[in-house]
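Colleague: Just one file: run03.cif, with mmCIF, C-alpha atoms and all ligand atoms.
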data_structure
#
loop_
_atom_site.label_atom_id
_atom_site.label_comp_id
_atom_site.auth_asym_id
_atom_site.auth_seq_id
_atom_site.Cartn_x
_atom_site.Cartn_y
_atom_site.Cartn_z
CA ALA A 125 -38.25 -14.38 8.92
CA LEU A 126 -37.52 -14.90 5.21
CA CYS A 127 -36.70 -18.06 3.28
CA GLY A 128 -33.29 -18.22 1.52
CA PRO A 129 -34.31 -16.93 -1.95
CA HIS A 130 -36.48 -14.13 -0.50
CA PHE A 131 -33.72 -13.11 1.91
CA VAL A 132 -31.26 -12.79 -1.00
CA GLU A 133 -33.82 -10.77 -2.95
CA TRP A 134 -34.38 -8.51 0.06
CA VAL A 135 -30.60 -7.92 0.51
CA HIS A 136 -30.25 -7.04 -3.18
CA LYS A 137 -33.20 -4.64 -3.13
CA GLN A 138 -32.04 -2.95 0.07
CA THR A 139 -28.49 -2.53 -1.22
CA GLU A 140 -29.77 -1.00 -4.44
CA ARG A 141 -31.95 1.35 -2.39
CA PHE A 142 -29.01 2.46 -0.20
CA ILE A 143 -26.76 2.99 -3.23
CA GLU A 144 -29.38 5.27 -4.78
CA LYS A 145 -30.51 7.02 -1.58
CA TYR A 146 -26.97 8.02 -0.63
CA ALA A 147 -25.90 8.68 -4.26
CA MET A 148 -22.99 6.24 -3.94
CA PHE A 149 -22.55 5.37 -7.64
CA THR A 150 -24.38 4.57 -10.84
CA ARG A 151 -24.27 1.59 -13.20
CA ASP A 152 -22.09 3.58 -15.63
CA GLU A 153 -19.35 4.09 -13.06
CA ARG A 154 -16.49 1.69 -12.41
CA VAL A 155 -16.36 0.36 -8.86
CA LEU A 156 -13.32 -1.15 -7.17
CA VAL A 157 -14.31 -3.45 -4.30
CA ALA A 158 -11.67 -4.01 -1.63
CA VAL A 159 -11.88 -7.75 -0.87
CA SER A 160 -10.16 -9.33 2.10
CA GLY A 161 -11.53 -12.88 1.84
CA GLY A 162 -13.98 -12.15 4.69
CA LYS A 163 -17.76 -12.45 4.45
CA ASP A 164 -18.60 -8.75 4.14
CA SER A 165 -16.32 -7.85 1.26
CA LEU A 166 -17.09 -11.04 -0.71
CA ALA A 167 -20.82 -10.56 -0.07
CA LEU A 168 -20.53 -6.97 -1.31
CA TRP A 169 -18.78 -8.04 -4.52
CA ASP A 170 -21.39 -10.75 -5.05
CA ILE A 171 -24.30 -8.32 -4.51
CA LEU A 172 -22.87 -5.67 -6.85
CA LEU A 173 -22.28 -8.25 -9.59
CA ALA A 174 -25.81 -9.64 -9.16
CA LEU A 175 -27.21 -6.10 -9.44
CA GLY A 176 -25.27 -5.51 -12.67
CA TYR A 177 -22.72 -2.96 -11.41
CA ARG A 178 -19.29 -2.73 -13.06
CA ALA A 179 -17.43 -4.08 -10.05
CA ASP A 180 -13.84 -5.35 -9.98
CA GLY A 181 -11.88 -6.55 -6.96
CA LEU A 182 -8.74 -5.49 -5.15
CA TYR A 183 -6.90 -7.88 -2.84
CA ILE A 184 -3.99 -6.64 -0.73
CA GLY A 185 -1.55 -9.35 0.43
CA LEU A 186 -0.42 -8.15 3.85
CA GLY A 187 1.93 -11.05 4.57
CA ILE A 188 0.26 -11.89 7.91
CA ASP A 189 0.69 -15.42 9.19
CA GLY A 190 -0.14 -15.45 12.92
CA GLY A 191 -0.10 -19.26 12.98
CA LEU A 192 -3.12 -19.32 10.67
CA ASN A 193 -1.40 -18.66 7.37
CA TYR A 194 -3.87 -15.78 7.45
CA SER A 195 -2.99 -13.84 4.28
CA ASP A 196 -2.49 -16.89 2.05
CA GLU A 197 -5.74 -18.42 3.26
CA SER A 198 -7.63 -15.14 2.73
CA HIS A 199 -6.29 -14.96 -0.82
CA ARG A 200 -7.42 -18.55 -1.42
CA TYR A 201 -11.00 -17.62 -0.46
CA VAL A 202 -10.93 -14.69 -2.88
CA MET A 203 -9.69 -16.93 -5.71
CA ASP A 204 -12.30 -19.53 -4.80
CA PHE A 205 -15.02 -16.84 -5.07
CA ILE A 206 -13.73 -15.85 -8.52
CA GLY A 207 -13.65 -19.51 -9.59
CA LYS A 208 -17.29 -19.94 -8.55
CA HIS A 209 -18.19 -16.91 -10.68
CA GLY A 210 -16.76 -18.59 -13.78
CA GLY A 211 -13.22 -17.27 -13.31
CA ASN A 212 -13.64 -14.20 -15.49
CA LEU A 213 -13.77 -11.43 -12.86
CA THR A 214 -11.06 -8.78 -12.72
CA LEU A 215 -8.95 -8.85 -9.56
CA HIS A 216 -6.06 -6.49 -8.84
CA THR A 217 -3.63 -8.09 -6.42
CA VAL A 218 -1.03 -6.09 -4.52
CA ASP A 219 1.52 -8.08 -2.54
CA VAL A 220 2.91 -5.60 -0.02
CA ALA A 221 6.23 -7.42 0.55
CA GLU A 222 6.84 -7.82 -3.17
CA ILE A 223 6.13 -4.19 -4.02
CA TYR A 224 7.35 -2.29 -0.97
CA GLY A 225 10.07 -4.65 0.30
CA ALA A 226 8.59 -5.95 3.57
CA SER A 227 5.38 -7.55 4.81
CA ILE A 228 3.14 -5.55 7.15
CA PRO A 229 4.36 -7.34 10.33
CA GLU A 230 8.01 -6.88 9.22
CA ALA A 231 7.44 -3.20 8.46
CA ALA A 232 5.86 -2.73 11.90
CA ARG A 233 8.86 -4.39 13.56
CA LEU A 234 11.35 -2.29 11.62
CA THR A 235 9.71 1.02 12.51
CA ARG A 236 8.61 2.30 15.87
CA ARG A 237 4.98 2.19 14.68
CA GLY A 238 3.30 -0.71 16.47
CA ARG A 239 6.02 -3.17 17.30
CA ASP A 240 3.43 -5.36 19.06
CA LYS A 241 0.47 -4.65 16.85
CA PRO A 242 0.95 -3.79 13.19
CA CYS A 243 -2.52 -2.23 12.82
CA SER A 244 -1.42 1.39 12.34
CA VAL A 245 1.13 0.37 9.67
CA CYS A 246 -1.50 -1.88 8.12
CA GLY A 247 -4.28 0.75 8.07
CA LEU A 248 -1.99 3.42 6.64
CA SER A 249 -0.72 1.05 3.92
CA LYS A 250 -4.17 -0.28 2.98
CA ARG A 251 -5.58 3.26 2.62
CA HIS A 252 -2.66 4.31 0.43
CA ILE A 253 -2.79 1.19 -1.78
CA MET A 254 -6.57 1.36 -2.24
CA ASN A 255 -6.32 5.02 -3.32
CA ARG A 256 -3.39 4.28 -5.62
CA VAL A 257 -4.95 1.30 -7.41
CA ALA A 258 -8.28 3.14 -7.84
CA ARG A 259 -6.47 6.19 -9.24
CA ASP A 260 -4.03 4.26 -11.49
CA HIS A 261 -6.79 2.16 -13.04
CA GLY A 262 -9.34 4.96 -13.40
CA TYR A 263 -12.01 3.72 -10.97
CA ASP A 264 -14.73 6.20 -9.98
CA VAL A 265 -15.52 4.58 -6.66
CA LEU A 266 -13.77 2.55 -4.02
CA ALA A 267 -16.30 0.34 -2.18
CA THR A 268 -15.66 -1.40 1.12
CA GLY A 269 -17.74 -4.01 2.97
CA HIS A 270 -18.20 -2.14 6.28
CA ASN A 271 -21.44 -3.27 7.91
CA LEU A 272 -23.60 -1.64 10.58
CA ASP A 273 -21.71 -3.26 13.46
CA ASP A 274 -18.42 -1.86 12.10
CA GLU A 275 -19.87 1.61 11.58
CA ALA A 276 -21.53 1.75 15.02
CA ALA A 277 -18.32 0.58 16.76
CA VAL A 278 -16.17 3.16 14.96
CA LEU A 279 -18.70 5.91 15.66
CA PHE A 280 -18.82 4.87 19.32
CA GLY A 281 -15.02 5.00 19.59
CA ASN A 282 -14.79 8.38 17.87
CA THR A 283 -17.57 9.82 20.02
CA LEU A 284 -16.00 8.61 23.27
CA VAL A 285 -12.93 10.74 22.62
CA TRP A 286 -14.68 13.41 20.48
CA SER A 287 -12.40 12.79 17.57
CA MET A 288 -13.65 15.69 15.46
CA ASP A 289 -11.59 14.89 12.35
CA TYR A 290 -12.89 11.35 12.16
CA LEU A 291 -16.47 12.31 13.05
CA ALA A 292 -16.38 14.86 10.24
CA ARG A 293 -15.30 12.20 7.76
CA GLN A 294 -17.36 9.15 8.79
CA GLY A 295 -20.26 8.37 6.47
CA PRO A 296 -21.70 5.95 3.91
CA VAL A 297 -20.27 7.93 1.01
CA MET A 298 -17.39 10.37 1.00
CA PRO A 299 -16.47 12.58 -1.95
CA PRO A 300 -12.84 12.42 -3.14
CA SER A 301 -10.64 14.37 -0.74
CA HIS A 302 -8.22 15.22 -3.56
CA PRO A 303 -8.24 15.51 -7.37
CA GLY A 304 -7.71 12.13 -9.02
CA LEU A 305 -8.88 10.10 -6.02
CA ALA A 306 -11.97 7.90 -6.11
CA ARG A 307 -15.14 8.51 -4.10
CA LYS A 308 -15.52 6.10 -1.16
CA ALA A 309 -18.71 4.15 -0.53
CA LYS A 310 -19.97 1.62 2.01
CA PRO A 311 -23.09 0.05 0.46
CA LEU A 312 -23.56 -2.46 3.34
CA PHE A 313 -23.44 0.09 6.16
CA ARG A 314 -27.10 -0.50 7.13
CA PHE A 315 -26.89 -4.30 7.34
CA TYR A 316 -26.10 -6.08 10.59
CA GLU A 317 -23.04 -8.32 10.59
CA ARG A 318 -25.24 -11.38 11.16
CA GLU A 319 -27.25 -10.50 8.05
CA MET A 320 -24.10 -10.53 5.94
CA ALA A 321 -23.03 -13.85 7.48
CA ALA A 322 -26.48 -15.25 6.61
CA TYR A 323 -26.19 -13.86 3.08
CA ALA A 324 -22.81 -15.55 2.58
CA VAL A 325 -24.19 -18.87 3.83
CA VAL A 326 -27.34 -18.74 1.68
CA ARG A 327 -25.34 -17.78 -1.42
CA GLY A 328 -22.76 -20.52 -0.78
CA ILE A 329 -19.87 -18.04 -0.42
CA ASP A 330 -16.96 -19.64 1.45
CA TYR A 331 -15.09 -17.04 3.43
CA MET A 332 -12.24 -16.63 5.91
CA TYR A 333 -14.00 -17.25 9.19
CA ASP A 334 -11.07 -16.36 11.47
CA GLU A 335 -10.38 -12.74 12.30
CA CYS A 336 -6.90 -11.38 11.62
CA PRO A 337 -4.70 -12.64 14.50
CA HIS A 338 -3.77 -9.03 15.28
CA ALA A 339 -7.42 -8.11 15.84
CA ILE A 340 -7.42 -9.95 19.20
CA GLY A 341 -7.90 -7.42 21.98
CA ALA A 342 -8.62 -4.56 19.58
CA THR A 343 -10.70 -1.75 21.07
CA THR A 344 -13.18 -1.95 18.18
CA ILE A 345 -13.99 -5.53 19.19
CA ARG A 346 -14.63 -4.39 22.78
CA TYR A 347 -16.94 -1.65 21.50
CA LYS A 348 -18.77 -4.20 19.35
CA GLU A 349 -19.35 -6.39 22.41
CA LEU A 350 -20.70 -3.43 24.37
CA LEU A 351 -22.98 -2.40 21.53
CA ASN A 352 -24.23 -6.00 21.22
CA GLN A 353 -25.27 -5.88 24.88
CA LEU A 354 -27.10 -2.59 24.26
CA GLU A 355 -28.75 -4.08 21.17
CA VAL A 356 -30.11 -7.01 23.21
CA ALA A 357 -31.68 -4.57 25.69
CA SER A 358 -32.86 -2.12 22.99
CA PRO A 359 -33.19 -3.80 19.60
CA GLY A 360 -32.41 -1.39 16.77
CA ILE A 361 -30.18 0.87 18.88
CA LYS A 362 -27.12 0.44 16.63
CA LEU A 363 -29.02 1.53 13.56
CA GLN A 364 -30.52 4.50 15.43
CA PHE A 365 -27.10 5.51 16.71
CA VAL A 366 -25.58 5.63 13.22
CA LEU A 367 -28.58 7.06 11.34
CA ARG A 368 -29.32 9.79 13.89
CA PHE A 369 -25.68 10.83 13.89
CA LEU A 370 -25.77 11.19 10.09
CA LYS A 371 -29.09 13.06 10.24
CA ALA A 372 -27.93 15.45 12.97
CA ARG A 373 -24.67 16.12 11.16
CA GLN A 374 -26.52 17.00 7.98
CA ALA A 375 -29.37 18.96 9.58
CA HIS A 376 -27.20 21.05 11.89
CA GLY A 377 -24.06 21.25 9.78
CA LEU A 378 -22.12 19.55 12.57
CA PHE A 379 -18.38 19.32 11.90
CA ALA A 380 -18.71 21.33 8.67
CA GLN A 381 -16.14 23.77 10.05
CA VAL A 382 -13.77 20.92 10.87
CA ARG A 383 -14.04 19.66 7.30
CA GLU A 384 -13.40 23.15 5.89
CA GLN A 385 -10.42 23.73 8.15
CA LEU A 386 -8.76 20.44 7.24
CA GLU A 387 -5.92 21.58 5.03
CA LEU A 388 -4.61 18.94 2.65
CA HIS A 389 -1.32 19.07 0.80
CA THR A 390 0.02 16.88 -1.99
CA CYS A 391 2.79 14.45 -1.11
CA PRO A 392 5.73 15.25 -3.42
CA THR A 393 6.70 11.54 -3.51
CA CYS A 394 3.42 9.71 -4.23
CA GLY A 395 1.02 12.54 -5.13
CA GLN A 396 -1.60 11.49 -2.57
CA PRO A 397 -3.21 13.94 -0.12
CA THR A 398 -1.65 14.45 3.27
CA THR A 399 -2.12 16.71 6.25
CA ASN A 400 1.69 16.95 6.44
CA ASP A 401 3.30 19.88 4.70
CA GLY A 402 5.77 17.62 2.86
CA VAL A 403 6.18 13.89 2.40
CA CYS A 404 3.12 11.90 3.57
CA SER A 405 3.17 9.46 6.50
CA PHE A 406 2.99 6.43 4.20
CA CYS A 407 6.06 7.41 2.15
CA ARG A 408 7.98 8.45 5.26
CA MET A 409 7.21 5.15 6.96
CA TRP A 410 8.34 3.04 3.99
CA GLU A 411 11.50 5.16 3.60
CA ARG A 412 12.30 4.31 7.23
CA VAL A 413 11.52 0.61 6.73
CA ASN A 414 13.81 0.38 3.71
CA ALA A 415 16.57 2.36 5.43
CA ARG A 416 16.48 -0.06 8.37
CA ARG A 417 16.46 -3.06 6.05
CA GLY A 418 19.53 -1.57 4.31
CA GLU A 419 21.30 -1.09 7.66
CA ARG A 420 20.63 -4.73 8.55
CA MET A 421 22.04 -5.99 5.30
CA LEU A 422 25.32 -4.09 5.80
FE1 LIG B 1 -4.41 -5.09 9.59
FE2 LIG B 1 -5.01 -7.26 11.00
FE3 LIG B 1 -4.71 -4.93 12.25
FE4 LIG B 1 -6.83 -5.35 10.66
S1 LIG B 1 -6.36 -6.40 12.60
S2 LIG B 1 -5.55 -3.51 10.71
S3 LIG B 1 -5.93 -6.65 9.05
S4 LIG B 1 -3.14 -6.07 11.15
#
Would you write out, as structure tokens, the structure that this file holds?
Ligand code: SF4
Modeller:
Amino acid sequence: ALCGPHFVEWVHKQTERFIEKYAMFTRDERVLVAVSGGKDSLALWDILLALGYRADGLYIGLGIDGGLNYSDESHRYVMDFIGKHGGNLTLHTVDVAEIYGASIPEAARLTRRGRDKPCSVCGLSKRHIMNRVARDHGYDVLATGHNLDDEAAVLFGNTLVWSMDYLARQGPVMPPSHPGLARKAKPLFRFYEREMAAYAVVRGIDYMYDECPHAIGATTIRYKELLNQLEVASPGIKLQFVLRFLKARQAHGLFAQVREQLELHTCPTCGQPTTNDGVCSFCRMWERVNARRGERML
């Protein structure tokens, strides 16, 4: 219902309101935005810069091709965004194959984790790298572009199987789970996906339109389709679902016990938190990948 300039103004005002309401971060803090080349993360970076936040970017090169040259193309969109902002933004780039010795699909093939779908290897690696870069470069906050559709689908999936650990940890802002780690924030969590697509179009942000080729058939996409059907029948249901969950959790202390009982240890190899009493899953996985690569070279 708004014209282009007023829509942009509305998105900016709303984002600012959410950042303040949920105490995500302040203008004095340094924010690291995880950018994938998709509309949500580039829109988030654009909004934070327009609002005057100290926001830098992090791009993780996963080495995914899938017939689309997916990772290289995604990187191109990120560089294009930086070019359109005058070229003087700070971007940290981590090429997984260069640093750890194998791309995400190769690592998945070399381990037993997801031979067909590399998503568990990918998720584990992205979480580790985001924490590491934020810690190594002294960022206060790690911001991601999750929108309402993402949040509702994840909440739906976690509720279906009563995944207490995940339900305890899902929210628009999460304090650091370990000393030295950055707080995590999702400033776009109350915007619909279509609103972010509209924002990108109005602001002239070119973005990677294709989904990751490994996302085809993902359960989250099925949940999104189901929730879209519910939204057509009951407009606003996604927002209610997410907001009422957050309200109920806060008002009734739901899952507080789960959070308290979650015992975290420090990985002796990388220093990041882990539920394992010893080396974390990320370090163990990459040790296995490199051992297998060594065996193949012999
Ligand atoms: Fe990684 Fe692609 Fe799976 Fe997403 S869909 S977790 S980017 S492999």
Colleague: Have a look at CA of His376 in chain A and CA of Leu388 in chain A and let me know their distance in Å, one decimal.
Modeller: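 Computing the Euclidean distance for CA of His376 in chain A and CA of Leu388 in chain A yields 24.5 Å.
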Colleague: Give one line per residue of chain A that approaches ligand LIG 1 (chain B) to at most 8 Å, naming the two atoms of the closest pair and their distance in Å to one decimal, counting all atoms listed in the file; sort by chain then ascending residue number and deliver it as JSON lines.
Modeller:
{"residue": "A:Leu186", "atom": "CA", "partner": "B:LIG1", "partner_atom": "FE1", "distance": 7.6}
{"residue": "A:Ile188", "atom": "CA", "partner": "B:LIG1", "partner_atom": "S4", "distance": 7.5}
{"residue": "A:Ile228", "atom": "CA", "partner": "B:LIG1", "partner_atom": "S4", "distance": 7.5}
{"residue": "A:Pro229", "atom": "CA", "partner": "B:LIG1", "partner_atom": "S4", "distance": 7.7}
{"residue": "A:Lys241", "atom": "CA", "partner": "B:LIG1", "partner_atom": "S4", "distance": 6.9}
{"residue": "A:Pro242", "atom": "CA", "partner": "B:LIG1", "partner_atom": "S4", "distance": 5.1}
{"residue": "A:Cys243", "atom": "CA", "partner": "B:LIG1", "partner_atom": "FE3", "distance": 3.5}
{"residue": "A:Ser244", "atom": "CA", "partner": "B:LIG1", "partner_atom": "S2", "distance": 6.6}
{"residue": "A:Val245", "atom": "CA", "partner": "B:LIG1", "partner_atom": "FE1", "distance": 7.8}
{"residue": "A:Cys246", "atom": "CA", "partner": "B:LIG1", "partner_atom": "FE1", "distance": 4.6}
{"residue": "A:Gly247", "atom": "CA", "partner": "B:LIG1", "partner_atom": "S2", "distance": 5.2}
{"residue": "A:Glu335", "atom": "CA", "partner": "B:LIG1", "partner_atom": "S1", "distance": 7.5}
{"residue": "A:Cys336", "atom": "CA", "partner": "B:LIG1", "partner_atom": "FE2", "distance": 4.6}
{"residue": "A:Pro337", "atom": "CA", "partner": "B:LIG1", "partner_atom": "FE2", "distance": 6.4}
{"residue": "A:His338", "atom": "CA", "partner": "B:LIG1", "partner_atom": "S1", "distance": 4.6}
{"residue": "A:Ala339", "atom": "CA", "partner": "B:LIG1", "partner_atom": "S1", "distance": 3.8}
{"residue": "A:Ile340", "atom": "CA", "partner": "B:LIG1", "partner_atom": "S1", "distance": 7.6}
{"residue": "A:Ala342", "atom": "CA", "partner": "B:LIG1", "partner_atom": "S1", "distance": 7.6}
Colleague: Compare A:Tyr323, A:Tyr290, A:Tyr331, A:Tyr347 by their minimum atom-to-atom distance to His130 in chain A, counting only C-alpha atoms, and give me the closest one.
Modeller: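 Of A:Tyr323, A:Tyr290, A:Tyr331, A:Tyr347, the one nearest His130 in chain A, counting only C-alpha atoms, is A:Tyr323.
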Colleague: What's the 12 Å shell around Asn352 in chain A, counting only C-alpha atoms, without same-chain residues fewer than 5 positions away, as JSON, numbers by chain?
Modeller: {"A": [272, 273, 274, 276, 277, 316, 317, 318, 345, 346, 347, 357, 358, 359, 360, 361, 362, 363]}
Colleague: Return as lines of an AutoDock Vina configuration file the box centre and box size in Å, one decimal, for an axis-aligned box around all listed atoms of range 186-201 of chain A padded by 8 Å per side.
Modeller:
center_x = -4.5
center_y = -13.7
center_z = 5.8
size_x = 28.9
size_y = 27.2
size_z = 30.4
Colleague: Could you tell me which of A:Met320, A:Leu279, A:Leu156, A:Ile253 comes closest to Arg368 in chain A if we count only C-alpha atoms?
Modeller: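 Of the candidates, the smallest distance to Arg368 in chain A is held by A:Leu279.
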Colleague: Between CA of Gly128 in chain A and CA of Tyr146 in chain A, what distance in Å does the model show, to one decimal?
Modeller: 27.1 Å
